[in-house]
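Listing of run.cif, mmCIF, C-alpha atoms
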data_target
loop_
_atom_site.group_PDB
_atom_site.id
_atom_site.type_symbol
_atom_site.label_atom_id
_atom_site.label_comp_id
_atom_site.auth_asym_id
_atom_site.auth_seq_id
_atom_site.Cartn_x
_atom_site.Cartn_y
_atom_site.Cartn_z
ATOM 1 C CA MET A 1 119.579 111.028 103.538
ATOM 2 C CA GLU A 2 119.654 114.384 105.286
ATOM 3 C CA LYS A 3 122.238 115.773 102.882
ATOM 4 C CA VAL A 4 120.207 114.634 99.856
ATOM 5 C CA LYS A 5 117.171 116.491 101.228
ATOM 6 C CA ILE A 6 119.208 119.678 101.699
ATOM 7 C CA ILE A 7 120.621 119.424 98.166
ATOM 8 C CA LYS A 8 117.131 118.918 96.679
ATOM 9 C CA GLU A 9 115.767 121.934 98.580
ATOM 10 C CA ARG A 10 118.642 124.123 97.396
ATOM 11 C CA LEU A 11 118.192 122.957 93.798
ATOM 12 C CA LYS A 12 114.480 123.723 93.996
ATOM 13 C CA THR A 13 115.225 127.208 95.358
ATOM 14 C CA ALA A 14 117.754 127.878 92.597
ATOM 15 C CA GLN A 15 115.299 126.708 89.916
ATOM 16 C CA SER A 16 112.586 128.912 91.367
ATOM 17 C CA HIS A 17 114.900 131.954 91.247
ATOM 18 C CA GLN A 18 115.880 131.214 87.637
ATOM 19 C CA LYS A 19 112.246 130.729 86.614
ATOM 20 C CA SER A 20 111.116 134.000 88.166
ATOM 21 C CA TYR A 21 114.058 135.790 86.520
ATOM 22 C CA SER A 22 113.218 134.398 83.062
ATOM 23 C CA ASP A 23 109.447 134.958 83.461
ATOM 24 C CA VAL A 24 109.994 138.685 83.966
ATOM 25 C CA ARG A 25 111.865 138.948 80.669
ATOM 26 C CA ARG A 26 109.631 136.635 78.646
ATOM 27 C CA THR A 27 107.607 138.278 75.880
ATOM 28 C CA GLU A 28 104.380 137.171 74.255
ATOM 29 C CA GLY A 29 104.797 135.024 71.189
ATOM 30 C CA LYS A 30 102.800 134.882 68.000
ATOM 31 C CA LEU A 31 100.043 132.972 69.741
ATOM 32 C CA ARG A 32 97.628 135.836 70.065
ATOM 33 C CA LEU A 33 94.095 135.165 68.936
ATOM 34 C CA ARG A 34 93.507 135.754 65.232
ATOM 35 C CA TYR A 35 90.101 135.811 63.630
ATOM 36 C CA VAL A 36 89.480 134.223 60.243
ATOM 37 C CA GLY A 37 86.293 134.921 58.410
ATOM 38 C CA PRO A 38 83.553 136.060 58.159
ATOM 39 C CA TYR A 39 81.568 132.843 58.003
ATOM 40 C CA ARG A 40 77.815 132.425 58.267
ATOM 41 C CA ILE A 41 76.211 130.674 61.224
ATOM 42 C CA ILE A 42 74.353 127.689 59.789
ATOM 43 C CA GLN A 43 72.885 126.180 62.909
ATOM 44 C CA ARG A 44 72.660 126.831 66.630
ATOM 45 C CA LYS A 45 73.825 123.859 68.712
ATOM 46 C CA GLY A 46 72.586 124.172 72.270
ATOM 47 C CA GLU A 47 72.848 127.368 74.316
ATOM 48 C CA VAL A 48 76.437 128.409 73.589
ATOM 49 C CA ALA A 49 77.594 126.655 70.412
ATOM 50 C CA HIS A 50 77.123 127.491 66.729
ATOM 51 C CA LYS A 51 77.867 125.553 63.558
ATOM 52 C CA LEU A 52 79.575 127.672 60.888
ATOM 53 C CA GLY A 53 79.607 127.274 57.125
ATOM 54 C CA LEU A 54 83.379 126.998 56.612
ATOM 55 C CA SER A 55 85.130 127.115 53.240
ATOM 56 C CA PRO A 56 86.410 123.866 51.639
ATOM 57 C CA GLY A 57 90.003 124.769 52.556
ATOM 58 C CA MET A 58 89.028 124.588 56.226
ATOM 59 C CA SER A 59 87.657 121.034 55.957
ATOM 60 C CA LEU A 60 90.019 119.755 58.690
ATOM 61 C CA VAL A 61 88.562 122.203 61.236
ATOM 62 C CA HIS A 62 85.543 121.114 63.256
ATOM 63 C CA PRO A 63 82.685 123.467 62.263
ATOM 64 C CA VAL A 64 81.109 123.891 65.741
ATOM 65 C CA PHE A 65 82.434 126.758 67.888
ATOM 66 C CA HIS A 66 81.675 128.162 71.329
ATOM 67 C CA VAL A 67 80.215 131.672 71.210
ATOM 68 C CA SER A 68 83.280 133.066 73.017
ATOM 69 C CA MET A 69 85.387 132.120 69.968
ATOM 70 C CA LEU A 70 83.192 134.079 67.542
ATOM 71 C CA LYS A 71 83.361 137.765 66.694
ATOM 72 C CA LYS A 72 80.317 139.743 65.612
ATOM 73 C CA VAL A 73 80.467 141.327 62.170
ATOM 74 C CA VAL A 74 79.818 145.041 62.520
ATOM 75 C CA GLY A 75 78.315 146.829 59.548
ATOM 76 C CA ASP A 76 76.804 145.690 56.278
ATOM 77 C CA PRO A 77 77.698 142.013 55.666
ATOM 78 C CA SER A 78 77.453 142.492 51.887
ATOM 79 C CA ALA A 79 80.230 145.121 52.005
ATOM 80 C CA ILE A 80 82.754 142.649 53.414
ATOM 81 C CA ALA A 81 85.393 141.556 50.934
ATOM 82 C CA PRO A 82 85.447 137.792 50.359
ATOM 83 C CA VAL A 83 88.044 135.866 52.319
ATOM 84 C CA GLU A 84 90.826 134.377 50.230
ATOM 85 C CA THR A 85 91.017 130.630 50.384
ATOM 86 C CA ILE A 86 92.771 129.469 53.521
ATOM 87 C CA GLU A 87 94.416 126.080 53.434
ATOM 88 C CA VAL A 88 94.526 124.451 56.863
ATOM 89 C CA ASN A 89 97.221 121.807 57.373
ATOM 90 C CA GLU A 90 97.101 118.648 59.501
ATOM 91 C CA GLU A 91 98.181 120.573 62.625
ATOM 92 C CA LEU A 92 95.037 122.727 62.177
ATOM 93 C CA SER A 93 97.072 125.835 61.462
ATOM 94 C CA TYR A 94 97.586 128.000 58.410
ATOM 95 C CA GLU A 95 100.418 130.148 57.142
ATOM 96 C CA GLU A 96 100.066 133.889 57.622
ATOM 97 C CA ILE A 97 101.310 135.780 54.588
ATOM 98 C CA PRO A 98 102.269 139.460 54.824
ATOM 99 C CA VAL A 99 100.631 141.689 52.240
ATOM 100 C CA ALA A 100 102.040 145.170 52.831
ATOM 101 C CA ILE A 101 104.114 147.354 55.120
ATOM 102 C CA ILE A 102 101.956 150.050 56.691
ATOM 103 C CA HIS A 103 104.401 151.976 58.856
ATOM 104 C CA ARG A 104 108.085 152.090 59.927
ATOM 105 C CA GLN A 105 109.476 152.973 63.334
ATOM 106 C CA LEU A 106 112.898 153.081 65.023
ATOM 107 C CA ARG A 107 112.993 151.928 68.624
ATOM 108 C CA LYS A 108 115.962 153.092 70.658
ATOM 109 C CA LEU A 109 117.598 150.842 73.186
ATOM 110 C CA ARG A 110 120.525 151.835 75.385
ATOM 111 C CA ASN A 111 123.232 151.430 72.784
ATOM 112 C CA LYS A 112 121.474 150.594 69.504
ATOM 113 C CA GLU A 113 118.410 151.256 67.411
ATOM 114 C CA ILE A 114 116.117 148.552 66.059
ATOM 115 C CA ALA A 115 113.926 149.149 63.013
ATOM 116 C CA TYR A 116 110.366 147.853 63.250
ATOM 117 C CA ILE A 117 107.688 147.719 60.582
ATOM 118 C CA LYS A 118 103.923 147.437 60.931
ATOM 119 C CA VAL A 119 102.822 144.536 58.728
ATOM 120 C CA LEU A 120 99.372 143.955 57.266
ATOM 121 C CA TRP A 121 98.667 140.218 57.026
ATOM 122 C CA ARG A 122 96.448 138.434 54.486
ATOM 123 C CA ASN A 123 92.829 137.996 55.640
ATOM 124 C CA GLN A 124 93.320 140.557 58.453
ATOM 125 C CA GLN A 125 92.080 144.128 58.883
ATOM 126 C CA VAL A 126 94.383 147.116 59.383
ATOM 127 C CA GLU A 127 93.514 147.155 63.107
ATOM 128 C CA GLU A 128 95.047 143.681 63.460
ATOM 129 C CA ALA A 129 98.397 144.587 61.842
ATOM 130 C CA THR A 130 101.435 143.697 63.959
ATOM 131 C CA TRP A 131 104.829 145.277 64.639
ATOM 132 C CA GLU A 132 107.694 143.063 63.478
ATOM 133 C CA ALA A 133 111.490 143.443 63.431
ATOM 134 C CA GLU A 134 112.525 144.673 59.997
ATOM 135 C CA GLU A 135 115.626 142.438 59.750
ATOM 136 C CA GLU A 136 113.653 139.259 60.428
ATOM 137 C CA MET A 137 110.983 140.224 57.915
ATOM 138 C CA LYS A 138 113.651 140.942 55.258
ATOM 139 C CA LYS A 139 115.024 137.421 55.739
ATOM 140 C CA LYS A 140 111.625 135.683 55.656
ATOM 141 C CA TYR A 141 109.765 137.856 53.135
ATOM 142 C CA PRO A 142 112.202 139.756 50.858
ATOM 143 C CA TYR A 143 109.472 140.506 48.307
ATOM 144 C CA LEU A 144 107.913 143.049 50.691
ATOM 145 C CA PHE A 145 110.958 145.326 50.393
ATOM 146 C CA VAL A 146 111.271 145.463 46.590
#
Give the structure from this file in structure tokens form.
Amino acid sequence: MEKVKIIKERLKTAQSHQKSYSDVRRTEGKLRLRYVGPYRIIQRKGEVAHKLGLSPGMSLVHPVFHVSMLKKVVGDPSAIAPVETIEVNEELSYEEIPVAIIHRQLRKLRNKEIAYIKVLWRNQQVEEATWEAEEEMKKKYPYLFV
């Protein structure tokens, strides 16, 4: 029994070391918050919730949101371009489609260079464009490079 305890402790220590090593090198994924809209607030539900008038393509999404999930529209609401129809699937997600390449950049590592492009996504403003690896984007979206 004593030897089993020692082995378990050593395994736990080794796992902890591996986890801390991998956590340092882990990068953020594509799960950053993205805003879709603008949508009008139809009704106030309680102190901190609002019901939005969502488009028919967003029928699977519950229309009531906490105020922390909403973003205020700055400027003249009539000047905002209409949002293209967004089709939400059963997993309550939608496909982001790249529209244009805004900028190119070479990032130098120790022994190689990696080309990155700044991509403007559909239904997003220029401020929300993201840097993506050029090779991956060529594989997924070849029409951007024609």
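Checking A:Ala133, A:Ile102, A:Gly57, A:Lys71 one by one against Glu90 of chain A, counting all atoms listed in the file, you find the shortest gap at A:Gly57.
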Margin query: I'd like the interatomic distance between atom CA of His50 of chain A and atom CA of Val64 of chain A, to a tenth of an Å.
Written below: 5.5 Å
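With all atoms listed in the file as the basis for measurement, A:Ala49 is the residue among A:Leu144, A:Leu54, A:Ala100, A:Ala49 that approaches His66 of chain A most closely.
Checking A:Leu70, A:Ala115, A:Ile97, A:Val146 one by one against Lys51 of chain A, counting all atoms listed in the file, you find the shortest gap at A:Leu70.
Atom pair atom CA of Asn123 of chain A / atom CA of Val36 of chain A has a distance of 6.8 Å (rounded to one decimal).
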Env of Tyr143 of chain A: 10 Å cut, atoms = all atoms listed in the file, seq-sep filter 5 positions within chain, self excluded. Answer as a short mmCIF file (atom, residue, chain, number, x, y, z; two decimals) with C-alpha atoms, in the frame of the given file.
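Listing of selection_1.cif after writing:
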data_model
loop_
_atom_site.label_atom_id
_atom_site.label_comp_id
_atom_site.auth_asym_id
_atom_site.auth_seq_id
_atom_site.Cartn_x
_atom_site.Cartn_y
_atom_site.Cartn_z
CA PRO A 98 102.27 139.46 54.82
CA VAL A 99 100.63 141.69 52.24
CA ALA A 100 102.04 145.17 52.83
CA MET A 137 110.98 140.22 57.92
CA LYS A 138 113.65 140.94 55.26
#
Next item on the list: Calculate how many Å separate atom CA of Gly46 of chain A from atom CA of Met58 of chain A, rounding to one decimal.
Entry: 23.0 Å
Next item on the list: Starting from the point (98.6, 145.4, 56.3), work out which residues of protein, DNA or RNA have an atom no more than 8 Å away when counting all atoms listed in the file; state them as an NGL selection string.
Entry: :A and (98-102 or 118-122 or 124-126 or 129)
Check: If I put a ball of radius 6 Å at (109.4, 151.7, 56.9) in the file's coordinates, which residues poke into it when counting all atoms listed in the file, written as a ChimeraX atom specification?
Finding: /A:103-104,117
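When you apply the PyMOL selection byres ((chain A and resi 89) around 10) to this structure, what comes back is Gly57, Met58, Ser59, Leu60, Val61, Ile86, Glu87, Val88, Glu90, Glu91, Leu92, Ser93, Tyr94 and Glu95 of chain A.
Shortest atom-to-atom contact with Ile114 of chain A among A:Asp23, A:Glu136, A:Glu2, A:Glu9: A:Glu136, counting only C-alpha atoms.
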Taking all atoms of segment 65-69 of chain A that the file lists, what box with edges along x, y and z, padded by 5 Å per side, do you get, with centre and edge lengths in Å to one decimal, as lines of an AutoDock Vina configuration file?
center_x = 82.8
center_y = 129.9
center_z = 70.5
size_x = 15.2
size_y = 16.3
size_z = 15.1
Checklist line | Nearest-residue call for Met69 of chain A, choices A:Tyr21, A:Tyr35, A:Phe145, A:Tyr116, using all atoms listed in the file | finding: A:Tyr35
